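Data block for my_file-v6.tsv (TSV, C-alpha atoms):
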```
chain	number	residue	atom	x	y	z
X	1	MET	CA	-88.80	49.68	-76.60
X	2	LEU	CA	-87.83	46.01	-76.47
X	3	PRO	CA	-84.19	45.24	-75.54
X	4	PRO	CA	-81.82	43.48	-77.93
X	5	SER	CA	-81.83	39.70	-77.75
X	6	GLN	CA	-79.58	37.72	-75.47
X	7	ASP	CA	-78.18	34.30	-76.31
X	8	ILE	CA	-79.63	31.44	-74.29
X	9	PRO	CA	-76.89	30.09	-71.99
X	10	LEU	CA	-75.99	26.43	-71.93
X	11	LYS	CA	-77.70	24.46	-69.20
X	12	ASP	CA	-75.24	23.25	-66.60
X	13	ASP	CA	-77.21	20.70	-64.60
X	14	SER	CA	-74.35	18.20	-64.70
X	15	ALA	CA	-70.78	18.61	-65.82
X	16	ASN	CA	-70.71	15.20	-67.47
X	17	SER	CA	-74.31	14.87	-68.68
X	18	PHE	CA	-74.72	14.85	-72.43
X	19	ALA	CA	-78.46	15.50	-72.13
X	20	ALA	CA	-77.89	18.49	-69.86
X	21	GLY	CA	-75.81	20.18	-72.56
X	22	GLN	CA	-78.69	20.32	-75.04
X	23	HIS	CA	-79.27	23.99	-75.76
X	24	TYR	CA	-81.19	24.25	-79.03
X	25	LEU	CA	-84.90	24.80	-79.52
X	26	ALA	CA	-86.98	21.88	-80.72
X	27	ASN	CA	-88.08	22.05	-84.35
X	28	ALA	CA	-91.48	23.75	-84.43
X	29	GLN	CA	-92.72	22.70	-87.86
X	30	ASN	CA	-96.47	22.26	-87.92
X	31	GLY	CA	-97.02	19.78	-90.73
X	32	VAL	CA	-96.53	20.41	-94.42
X	33	GLY	CA	-97.06	23.92	-95.75
X	34	PHE	CA	-97.24	27.45	-94.44
X	35	ARG	CA	-99.68	28.32	-91.69
X	36	CYS	CA	-100.44	32.02	-91.87
X	37	ASP	CA	-100.77	32.19	-88.08
X	38	LYS	CA	-97.31	30.64	-87.63
X	39	THR	CA	-95.40	32.20	-90.55
X	40	ALA	CA	-93.83	35.66	-90.86
X	41	LEU	CA	-92.08	37.43	-93.75
X	42	LEU	CA	-88.82	39.14	-92.77
X	43	VAL	CA	-87.68	41.82	-95.23
X	44	ILE	CA	-84.04	42.73	-94.61
X	45	ASP	CA	-82.55	46.10	-95.63
X	46	PRO	CA	-85.15	47.17	-98.24
X	47	VAL	CA	-83.50	50.61	-98.39
X	48	ASN	CA	-82.20	53.07	-100.96
X	49	ASP	CA	-78.49	52.55	-100.35
X	50	VAL	CA	-78.64	49.03	-101.84
X	51	LEU	CA	-81.83	49.11	-103.94
X	52	SER	CA	-81.92	52.55	-105.57
X	53	GLU	CA	-79.71	54.16	-108.20
X	54	GLY	CA	-77.55	56.70	-106.42
X	55	GLY	CA	-77.41	54.65	-103.21
X	56	ALA	CA	-74.02	54.35	-101.52
X	57	GLY	CA	-73.91	50.61	-102.24
X	58	TRP	CA	-75.70	50.63	-105.60
X	59	ASP	CA	-72.54	50.08	-107.67
X	60	MET	CA	-72.05	46.78	-105.83
X	61	THR	CA	-75.64	45.53	-105.77
X	62	LYS	CA	-77.12	46.78	-109.04
X	63	ASN	CA	-76.30	43.71	-111.14
X	64	THR	CA	-78.15	41.17	-109.00
X	65	VAL	CA	-80.95	43.60	-108.16
X	66	ARG	CA	-81.65	44.29	-111.82
X	67	LEU	CA	-81.14	40.70	-113.00
X	68	HIS	CA	-83.68	39.26	-110.57
X	69	ASP	CA	-86.01	42.28	-110.40
X	70	VAL	CA	-85.49	42.25	-106.64
X	71	VAL	CA	-87.51	45.40	-105.99
X	72	GLY	CA	-90.45	44.15	-108.05
X	73	ASN	CA	-90.37	40.72	-106.45
X	74	LEU	CA	-90.04	42.16	-102.96
X	75	ARG	CA	-93.09	44.27	-103.71
X	76	ARG	CA	-95.01	41.20	-104.87
X	77	ALA	CA	-94.00	39.25	-101.76
X	78	ILE	CA	-94.98	42.11	-99.45
X	79	ASP	CA	-98.31	42.72	-101.18
X	80	GLY	CA	-99.05	38.99	-101.21
X	81	ALA	CA	-98.27	38.62	-97.52
X	82	ARG	CA	-100.49	41.57	-96.67
X	83	LYS	CA	-103.35	40.22	-98.73
X	84	ARG	CA	-103.16	36.89	-96.89
X	85	GLY	CA	-102.80	38.39	-93.43
X	86	LEU	CA	-99.21	37.27	-92.95
X	87	PRO	CA	-97.16	39.28	-90.40
X	88	LEU	CA	-94.43	41.44	-91.93
X	89	LEU	CA	-91.23	42.50	-90.19
X	90	PHE	CA	-88.89	45.09	-91.71
X	91	ALA	CA	-85.22	44.97	-90.69
X	92	PRO	CA	-83.22	48.07	-91.78
X	93	MET	CA	-79.73	49.24	-90.80
X	94	ALA	CA	-78.75	52.65	-89.47
X	95	TYR	CA	-75.43	53.96	-88.14
X	96	THR	CA	-74.63	56.99	-86.01
X	97	GLU	CA	-71.41	58.73	-84.95
X	98	GLU	CA	-71.40	56.76	-81.70
X	99	ASP	CA	-71.27	53.45	-83.59
X	100	TYR	CA	-67.95	54.42	-85.14
X	101	ALA	CA	-66.36	56.97	-82.79
X	102	GLU	CA	-67.17	55.01	-79.63
X	103	GLY	CA	-68.10	51.52	-80.81
X	104	LYS	CA	-65.30	51.28	-83.40
X	105	LEU	CA	-67.52	49.16	-85.63
X	106	GLN	CA	-65.35	50.05	-88.62
X	107	CYS	CA	-62.65	47.92	-87.01
X	108	ARG	CA	-64.84	44.88	-86.40
X	109	SER	CA	-65.15	43.32	-89.84
X	110	SER	CA	-64.49	43.95	-93.50
X	111	THR	CA	-68.22	44.47	-94.06
X	112	ASN	CA	-68.37	47.17	-91.40
X	113	ARG	CA	-65.22	48.77	-92.87
X	114	ILE	CA	-66.77	48.91	-96.34
X	115	MET	CA	-69.99	50.42	-95.02
X	116	PHE	CA	-68.02	52.96	-92.99
X	117	GLU	CA	-65.82	54.08	-95.89
X	118	LYS	CA	-68.75	54.33	-98.30
X	119	ARG	CA	-70.94	56.08	-95.68
X	120	MET	CA	-73.70	53.53	-96.09
X	121	PHE	CA	-76.89	53.46	-94.01
X	122	MET	CA	-76.23	56.80	-92.30
X	123	ALA	CA	-79.03	57.33	-89.75
X	124	GLY	CA	-81.60	59.88	-90.94
X	125	SER	CA	-80.28	59.91	-94.52
X	126	TRP	CA	-82.02	59.16	-97.84
X	127	GLY	CA	-79.80	56.10	-98.20
X	128	ALA	CA	-81.05	54.56	-94.93
X	129	ASP	CA	-84.67	55.28	-95.82
X	130	PHE	CA	-86.95	52.61	-97.25
X	131	HIS	CA	-87.14	52.23	-101.01
X	132	PRO	CA	-90.30	54.13	-102.08
X	133	ASP	CA	-91.94	50.91	-103.34
X	134	LEU	CA	-91.16	48.98	-100.15
X	135	ARG	CA	-92.28	51.17	-97.29
X	136	PRO	CA	-93.82	49.51	-94.22
X	137	ARG	CA	-97.31	50.50	-93.14
X	138	ASP	CA	-97.83	52.26	-89.85
X	139	ASP	CA	-99.17	49.07	-88.23
X	140	GLU	CA	-96.28	46.86	-89.36
X	141	VAL	CA	-93.18	46.02	-87.35
X	142	VAL	CA	-89.97	47.94	-88.01
X	143	LEU	CA	-87.15	46.41	-85.99
X	144	LEU	CA	-84.34	48.15	-84.18
X	145	PRO	CA	-81.39	48.64	-86.59
X	146	HIS	CA	-78.94	45.75	-86.87
X	147	LYS	CA	-75.32	46.84	-86.74
X	148	GLY	CA	-73.85	43.65	-88.18
X	149	THR	CA	-75.11	40.87	-90.41
X	150	ASP	CA	-77.37	39.08	-87.90
X	151	VAL	CA	-80.87	40.50	-87.45
X	152	PHE	CA	-81.34	38.30	-84.38
X	153	GLU	CA	-79.12	40.82	-82.57
X	154	THR	CA	-82.13	43.18	-82.52
X	155	ASP	CA	-85.62	42.88	-81.05
X	156	LEU	CA	-86.55	40.30	-83.72
X	157	PRO	CA	-86.73	37.34	-81.25
X	158	GLN	CA	-89.19	39.17	-79.03
X	159	HIS	CA	-91.47	39.98	-81.96
X	160	LEU	CA	-91.35	36.41	-83.26
X	161	ALA	CA	-92.24	35.11	-79.80
X	162	ARG	CA	-95.12	37.59	-79.50
X	163	LEU	CA	-96.48	36.57	-82.91
X	164	GLY	CA	-96.11	32.84	-82.21
X	165	THR	CA	-93.99	32.45	-85.34
X	166	THR	CA	-92.40	29.07	-86.10
X	167	HIS	CA	-91.60	29.55	-89.82
X	168	LEU	CA	-89.53	32.52	-90.98
X	169	VAL	CA	-89.52	33.49	-94.66
X	170	ILE	CA	-86.53	35.68	-95.57
X	171	ALA	CA	-86.11	38.17	-98.40
X	172	GLY	CA	-84.12	41.36	-99.00
X	173	MET	CA	-80.44	42.25	-98.90
X	174	THR	CA	-77.87	40.86	-99.07
X	175	ALA	CA	-77.77	37.17	-99.95
X	176	ASN	CA	-74.43	36.15	-98.44
X	177	LEU	CA	-74.42	38.55	-95.50
X	178	CYS	CA	-77.55	39.60	-93.58
X	179	CYS	CA	-79.95	37.15	-95.24
X	180	GLU	CA	-77.65	34.18	-94.78
X	181	SER	CA	-76.51	35.06	-91.26
X	182	THR	CA	-80.04	35.67	-90.02
X	183	GLY	CA	-81.39	32.49	-91.59
X	184	ARG	CA	-78.55	30.46	-90.14
X	185	ARG	CA	-79.24	31.84	-86.67
X	186	ALA	CA	-82.97	31.23	-87.06
X	187	VAL	CA	-82.40	27.58	-87.97
X	188	GLU	CA	-80.12	27.11	-84.96
X	189	ARG	CA	-82.85	28.55	-82.75
X	190	GLY	CA	-85.39	26.06	-84.03
X	191	TYR	CA	-87.27	28.04	-86.68
X	192	ASP	CA	-88.12	26.65	-90.08
X	193	VAL	CA	-86.60	28.94	-92.71
X	194	THR	CA	-87.51	29.54	-96.35
X	195	TYR	CA	-85.58	31.89	-98.65
X	196	LEU	CA	-87.19	33.73	-101.58
X	197	SER	CA	-84.49	33.50	-104.25
X	198	ASP	CA	-85.79	36.15	-106.66
X	199	ALA	CA	-86.48	38.66	-103.88
X	200	ILE	CA	-82.88	38.63	-102.66
X	201	GLY	CA	-79.89	40.52	-104.06
X	202	ALA	CA	-76.19	40.61	-103.27
X	203	GLU	CA	-73.09	42.77	-103.65
X	204	SER	CA	-71.79	40.40	-106.33
X	205	MET	CA	-72.99	37.61	-108.60
X	206	LEU	CA	-70.56	35.23	-106.91
X	207	GLY	CA	-71.97	36.04	-103.48
X	208	TYR	CA	-75.53	35.51	-104.73
X	209	GLU	CA	-74.77	32.20	-106.45
X	210	ALA	CA	-72.84	30.80	-103.48
X	211	SER	CA	-75.64	31.59	-101.04
X	212	VAL	CA	-78.70	30.71	-103.09
X	213	HIS	CA	-77.34	27.59	-104.80
X	214	VAL	CA	-74.92	26.19	-102.22
X	215	ASN	CA	-75.45	27.49	-98.69
X	216	TYR	CA	-79.21	28.09	-98.43
X	217	PRO	CA	-80.14	24.57	-99.59
X	218	LEU	CA	-78.03	23.04	-96.82
X	219	LEU	CA	-79.03	25.28	-93.93
X	220	ALA	CA	-82.67	26.13	-94.72
X	221	ASN	CA	-86.02	24.46	-95.18
X	222	ALA	CA	-86.43	25.44	-98.83
X	223	VAL	CA	-85.52	27.94	-101.52
X	224	MET	CA	-88.56	29.23	-103.44
X	225	THR	CA	-89.49	31.94	-105.87
X	226	VAL	CA	-91.99	34.57	-104.78
X	227	ALA	CA	-94.65	33.07	-107.06
X	228	GLU	CA	-94.16	29.65	-105.46
X	229	PHE	CA	-94.25	31.14	-101.98
X	230	LEU	CA	-97.58	32.84	-102.63
X	231	GLU	CA	-99.01	29.70	-104.20
X	232	ALA	CA	-97.82	27.66	-101.21
X	233	LEU	CA	-99.64	30.07	-98.89
X	234	ASP	CA	-102.82	29.30	-100.83
X	235	THR	CA	-102.25	25.53	-100.68
X	236	PRO	CA	-103.97	24.07	-97.60
X	237	PRO	CA	-101.51	22.68	-95.04
X	238	LEU	CA	-101.38	18.93	-94.44
X	239	ALA	CA	-102.52	18.22	-98.01
X	240	LEU	CA	-99.73	15.72	-98.58
X	241	LEU	CA	-102.01	12.70	-98.99
X	242	GLU	CA	-103.84	14.66	-101.66
X	243	THR	CA	-100.67	15.16	-103.70
X	244	VAL	CA	-101.42	14.45	-107.35
X	245	PRO	CA	-99.29	11.92	-109.25
X	246	GLY	CA	-97.22	13.85	-111.76
X	247	SER	CA	-96.44	16.67	-109.31
X	248	VAL	CA	-92.88	17.97	-109.61
X	249	VAL	CA	-90.64	17.24	-106.61
X	250	ARG	CA	-88.07	19.95	-105.88
X	251	GLY	CA	-85.10	19.83	-103.57
X	252	SER	CA	-84.15	22.49	-101.03
X	253	ASP	CA	-81.95	23.97	-103.77
X	254	HIS	CA	-85.02	24.25	-106.03
X	255	GLY	CA	-83.58	21.49	-108.23
X	256	ASP	CA	-85.99	19.22	-110.10
X	257	ILE	CA	-85.68	15.81	-108.42
X	258	GLY	CA	-88.45	14.01	-110.28
X	259	THR	CA	-92.21	13.48	-110.40
X	260	VAL	CA	-94.61	11.79	-108.00
X	261	LEU	CA	-95.69	8.32	-109.12
X	262	GLU	CA	-97.66	7.38	-106.02
X	263	VAL	CA	-98.55	8.71	-102.57
X	264	VAL	CA	-98.38	5.86	-100.07
X	265	PRO	CA	-100.03	6.44	-96.67
X	266	PRO	CA	-98.47	5.12	-93.46
X	267	THR	CA	-99.21	1.58	-92.31
X	268	ASP	CA	-98.43	-0.43	-89.21
X	269	ALA	CA	-95.19	-1.53	-90.86
X	270	THR	CA	-94.00	1.59	-92.72
X	271	ASP	CA	-94.18	5.36	-92.51
X	272	GLY	CA	-95.82	7.23	-95.38
X	273	TYR	CA	-93.76	8.08	-98.43
X	274	LEU	CA	-93.83	9.50	-101.93
X	275	LEU	CA	-92.72	7.17	-104.70
X	276	VAL	CA	-90.83	9.48	-107.04
X	277	SER	CA	-89.73	8.79	-110.59
X	278	ARG	CA	-86.37	10.29	-111.53
X	279	GLY	CA	-86.54	9.44	-115.22
X	280	MET	CA	-85.28	6.70	-117.49
X	281	LEU	CA	-81.65	6.82	-116.32
X	282	SER	CA	-82.18	6.90	-112.55
X	283	ARG	CA	-83.89	4.63	-110.04
X	284	ASP	CA	-87.17	5.58	-108.42
X	285	ILE	CA	-86.85	6.85	-104.85
X	286	TYR	CA	-89.03	6.57	-101.75
X	287	VAL	CA	-89.20	10.00	-100.10
X	288	PRO	CA	-90.43	9.82	-96.48
X	289	PHE	CA	-93.31	12.11	-95.61
X	290	ASP	CA	-91.29	13.95	-92.98
X	291	ALA	CA	-88.79	15.07	-95.66
X	292	VAL	CA	-91.59	17.00	-97.39
X	293	VAL	CA	-91.75	20.58	-96.17
X	294	ASN	CA	-94.14	22.34	-98.51
X	295	CYS	CA	-96.59	22.03	-101.37
X	296	ALA	CA	-97.21	24.79	-103.90
X	297	GLY	CA	-99.88	23.81	-106.38
X	298	SER	CA	-98.37	20.99	-108.45
X	299	GLU	CA	-94.92	21.31	-106.82
X	300	VAL	CA	-93.69	19.45	-103.75
X	301	PHE	CA	-90.62	20.66	-101.82
X	302	VAL	CA	-88.35	18.37	-99.81
X	303	ASN	CA	-85.62	19.46	-97.41
X	304	VAL	CA	-82.72	17.77	-99.22
X	305	PRO	CA	-80.92	19.42	-102.14
X	306	LYS	CA	-80.97	17.69	-105.50
X	307	MET	CA	-77.20	17.30	-105.37
X	308	ALA	CA	-77.55	15.12	-102.23
X	309	VAL	CA	-80.50	12.95	-103.23
X	310	ASP	CA	-78.29	10.20	-104.71
X	311	ASP	CA	-76.62	9.84	-101.31
X	312	MET	CA	-79.90	9.29	-99.47
X	313	PRO	CA	-80.89	5.68	-98.63
X	314	TRP	CA	-84.23	6.15	-100.34
X	315	THR	CA	-84.00	3.29	-102.82
X	316	TYR	CA	-86.58	1.21	-100.93
X	317	ALA	CA	-89.58	1.69	-98.65
X	318	ALA	CA	-88.01	1.65	-95.19
X	319	SER	CA	-89.79	-0.18	-92.40
X	320	ARG	CA	-90.78	1.74	-89.31
X	321	GLN	CA	-88.07	-0.09	-87.36
X	322	GLN	CA	-85.44	1.01	-89.89
X	323	ARG	CA	-86.62	4.58	-89.59
X	324	MET	CA	-86.55	4.44	-85.79
X	325	GLU	CA	-82.95	3.21	-85.84
X	326	LYS	CA	-81.94	6.48	-87.51
X	327	PHE	CA	-83.08	8.39	-84.41
X	328	GLY	CA	-80.09	7.07	-82.50
X	329	PRO	CA	-79.85	6.48	-78.73
X	330	GLN	CA	-81.73	8.43	-76.08
X	331	ALA	CA	-79.62	11.23	-74.62
X	332	GLY	CA	-79.90	9.91	-71.08
X	333	SER	CA	-78.30	6.64	-72.11
X	334	VAL	CA	-75.17	8.24	-73.55
X	335	GLU	CA	-72.38	9.14	-71.16
X	336	LYS	CA	-69.64	9.77	-73.72
X	337	PRO	CA	-71.09	11.04	-77.02
X	338	TYR	CA	-67.73	11.36	-78.78
X	339	GLY	CA	-66.79	7.70	-78.64
X	340	ALA	CA	-64.60	7.51	-75.55
X	341	ARG	CA	-64.80	11.25	-74.78
X	342	ALA	CA	-67.37	13.44	-73.03
X	343	PRO	CA	-67.83	17.23	-73.23
X	344	ARG	CA	-65.83	19.26	-70.70
X	345	ARG	CA	-66.67	22.72	-69.42
```

How does this structure look as structure tokens?
Amino acid sequence: MLPPSQDIPLKDDSANSFAAGQHYLANAQNGVGFRCDKTALLVIDPVNDVLSEGGAGWDMTKNTVRLHDVVGNLRRAIDGARKRGLPLLFAPMAYTEEDYAEGKLQCRSSTNRIMFEKRMFMAGSWGADFHPDLRPRDDEVVLLPHKGTDVFETDLPQHLARLGTTHLVIAGMTANLCCESTGRRAVERGYDVTYLSDAIGAESMLGYEASVHVNYPLLANAVMTVAEFLEALDTPPLALLETVPGSVVRGSDHGDIGTVLEVVPPTDATDGYLLVSRGMLSRDIYVPFDAVVNCAGSEVFVNVPKMAVDDMPWTYAASRQQRMEKFGPQAGSVEKPYGARAPRR
């Protein structure tokens, strides 16, 4: 059995070197779109306690689960991933006496206290078992149980490394806890992350709305429906230059930003961009190619939420020099990154 993950320590080559302190993974995006050999679907807590009537957490989760048909959409996402040969990873929870009597997990957080008092996810119980419509196959990965809200604290990193995954698609339970925490950690580790909004539930409507409409769009690559995800899998990667004028442009919050007027390829003077019409009352914008993260049929997804588009300097076609200036200085040339201050260890 693979051991739980360990955080990567900070490099300490030089106490005063800004470059030496870099400790994140480089972004691993491979062009526009999903590559089935680089993408995996992570299904978090698809179990009876939160998805079935009679589950220990059903009274909390039932409203969002029913409203969005979470079980049905999870089933569609799982079946679609299997049909297309996409790796599936199932991430359930399970607690034993040792977790509480010895580990005192019920004292660690309010979430752990609630699960303890309601006897949720008891190891070996019906509640901790997979929902009957969402059972993994014998040849699919079932991770070690996570004991908190971050699935990266299991053997997930080892499986992702083995599979060569660079893009993690997240669905399951719950929106503002395990799904959000795991996606946030994945982004910090250098993975591209997409959330499936209608295949995710929460313990409250407020928790769902805050995650899906506020937090996910700012920390992730995109928020999609299951139907859009499956269509994106069927859209050939790197098809950006073939984007059809009139295609809908969506932000990372799934908001409708506008429609494509023109696809302009890169030149010696400028990078490629999409000229996007925002309607009669707003100015057209020039969306750089590297802001486009996915194409799903006649929809194009960019990694900026609609609410932030007006703040982007996309009111003109930037020259390559203007784009390069946004990269900032090379790390080796910066001694004191915080103005007159340097990091201290």

Exercise. Do you know which residues are at most 10 Å from Asp69 (chain X) counting all atoms listed in the file, after dropping those on the same chain fewer than 4 positions away, and could you put them as a PyMOL selection string?
Worked result: chain X and resi 63-65+73-75+198-201

For this session: Skip region 141-149 of chain X itself and residues of its chain fewer than 6 positions away, then list as a list in words all residues within 6 Å of it, counting all atoms listed in the file.
Result: Leu89, Phe90, Ala91, Pro92, Met93, Ala94, Leu177 and Cys178 of chain X

Problem set entry | Nearby residues (only C-alpha atoms) at most 6 Å from region 253-268 of chain X, same-chain spacing under 6 positions excluded, as an MDAnalysis selection string | chainID X and resid 213 217 223 245:247 274:278 305:306

Generate the output file for the selected residues, C-alpha atoms, as a compact mmCIF listing (two decimals), keeping the file's coordinate frame.
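Done, and the output landed in part_1.txt:
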```txt
# COMPACT_ATOMS: atom_id res chain seq x y z
CA HIS X 213 -77.34 27.59 -104.80
CA PRO X 217 -80.14 24.57 -99.59
CA VAL X 223 -85.52 27.94 -101.52
CA PRO X 245 -99.29 11.92 -109.25
CA GLY X 246 -97.22 13.85 -111.76
CA SER X 247 -96.44 16.67 -109.31
CA LEU X 274 -93.83 9.50 -101.93
CA LEU X 275 -92.72 7.17 -104.70
CA VAL X 276 -90.83 9.48 -107.04
CA SER X 277 -89.73 8.79 -110.59
CA ARG X 278 -86.37 10.29 -111.53
CA PRO X 305 -80.92 19.42 -102.14
CA LYS X 306 -80.97 17.69 -105.50
```

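For the pair CA of Asn221 (chain X) and CA of Leu281 (chain X), the interatomic distance is 27.9 Å.
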
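CA of Pro87 (chain X) is found 6.4 Å from CA of Leu41 (chain X).
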
Please list as a tab-separated table (two decimals) with C-alpha atoms, in the frame of the given file every residue within 6 Å of Tyr191 (chain X), counting all atoms listed in the file and excluding residues in the same chain fewer than 3 positions away.
```tsv
chain	number	residue	atom	x	y	z
X	166	THR	CA	-92.40	29.07	-86.10
X	167	HIS	CA	-91.60	29.55	-89.82
X	186	ALA	CA	-82.97	31.23	-87.06
X	187	VAL	CA	-82.40	27.58	-87.97
```

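One distance worth recording is that between CA of Ala81 (chain X) and CA of Thr154 (chain X), which is 22.5 Å.
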
For this session: Can you pull out every residue within 12 Å of Glu117 (chain X), counting all atoms listed in the file, but drop anything in the same chain fewer than 4 positions away, and send it as an MDAnalysis selection string?
Result: chainID X and resid 56:57 100 105:107 110:113 121:122

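Between Gly85 (chain X) and the residues X:Glu188, X:Glu140, X:Asp311, X:Glu228, the shortest atom-to-atom distance, using all atoms listed in the file, involves X:Glu140.
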
Would you mind completing region 94-113 of chain X to N, CA and C atoms and writing the output as an mmCIF file, in the frame of the given file?
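What follows is the written file selection35.cif:
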```cif
data_model
loop_
_atom_site.group_PDB
_atom_site.id
_atom_site.type_symbol
_atom_site.label_atom_id
_atom_site.label_comp_id
_atom_site.auth_asym_id
_atom_site.auth_seq_id
_atom_site.Cartn_x
_atom_site.Cartn_y
_atom_site.Cartn_z
ATOM 1 N N ALA X 94 -78.985 51.221 -89.642
ATOM 2 C CA ALA X 94 -78.750 52.650 -89.470
ATOM 3 C C ALA X 94 -77.561 52.848 -88.530
ATOM 4 N N TYR X 95 -76.631 53.727 -88.931
ATOM 5 C CA TYR X 95 -75.430 53.960 -88.140
ATOM 6 C C TYR X 95 -75.335 55.424 -87.734
ATOM 7 N N THR X 96 -74.830 55.632 -86.523
ATOM 8 C CA THR X 96 -74.630 56.990 -86.010
ATOM 9 C C THR X 96 -73.150 57.189 -85.658
ATOM 10 N N GLU X 97 -72.802 58.417 -85.315
ATOM 11 C CA GLU X 97 -71.410 58.730 -84.950
ATOM 12 C C GLU X 97 -70.924 57.840 -83.818
ATOM 13 N N GLU X 98 -71.815 57.569 -82.850
ATOM 14 C CA GLU X 98 -71.400 56.760 -81.700
ATOM 15 C C GLU X 98 -70.970 55.348 -82.107
ATOM 16 N N ASP X 99 -71.615 54.801 -83.149
ATOM 17 C CA ASP X 99 -71.270 53.450 -83.590
ATOM 18 C C ASP X 99 -69.809 53.356 -84.028
ATOM 19 N N TYR X 100 -69.314 54.430 -84.624
ATOM 20 C CA TYR X 100 -67.950 54.420 -85.140
ATOM 21 C C TYR X 100 -66.950 55.087 -84.185
ATOM 22 N N ALA X 101 -67.293 56.253 -83.655
ATOM 23 C CA ALA X 101 -66.360 56.970 -82.790
ATOM 24 C C ALA X 101 -66.172 56.256 -81.450
ATOM 25 N N GLU X 102 -67.249 55.686 -80.923
ATOM 26 C CA GLU X 102 -67.170 55.010 -79.630
ATOM 27 C C GLU X 102 -67.155 53.486 -79.779
ATOM 28 N N GLY X 103 -68.007 52.967 -80.652
ATOM 29 C CA GLY X 103 -68.100 51.520 -80.810
ATOM 30 C C GLY X 103 -67.035 50.912 -81.700
ATOM 31 N N LYS X 104 -66.368 51.744 -82.496
ATOM 32 C CA LYS X 104 -65.300 51.280 -83.400
ATOM 33 C C LYS X 104 -65.763 50.142 -84.313
ATOM 34 N N LEU X 105 -67.008 50.219 -84.782
ATOM 35 C CA LEU X 105 -67.520 49.160 -85.630
ATOM 36 C C LEU X 105 -66.734 49.029 -86.931
ATOM 37 N N GLN X 106 -66.130 50.115 -87.389
ATOM 38 C CA GLN X 106 -65.350 50.050 -88.620
ATOM 39 C C GLN X 106 -64.120 49.162 -88.480
ATOM 40 N N CYS X 107 -63.795 48.795 -87.249
ATOM 41 C CA CYS X 107 -62.650 47.920 -87.010
ATOM 42 C C CYS X 107 -63.064 46.471 -86.779
ATOM 43 N N ARG X 108 -64.367 46.199 -86.775
ATOM 44 C CA ARG X 108 -64.840 44.880 -86.400
ATOM 45 C C ARG X 108 -64.774 43.862 -87.521
ATOM 46 N N SER X 109 -65.109 44.279 -88.724
ATOM 47 C CA SER X 109 -65.150 43.320 -89.840
ATOM 48 C C SER X 109 -64.940 44.068 -91.137
ATOM 49 N N SER X 110 -64.660 43.318 -92.195
ATOM 50 C CA SER X 110 -64.490 43.950 -93.500
ATOM 51 C C SER X 110 -65.795 44.569 -93.976
ATOM 52 N N THR X 111 -66.923 43.923 -93.667
ATOM 53 C CA THR X 111 -68.220 44.470 -94.060
ATOM 54 C C THR X 111 -68.464 45.813 -93.399
ATOM 55 N N ASN X 112 -68.202 45.892 -92.098
ATOM 56 C CA ASN X 112 -68.370 47.170 -91.400
ATOM 57 C C ASN X 112 -67.407 48.227 -91.946
ATOM 58 N N ARG X 113 -66.185 47.817 -92.310
ATOM 59 C CA ARG X 113 -65.220 48.770 -92.870
ATOM 60 C C ARG X 113 -65.733 49.332 -94.189
#
```
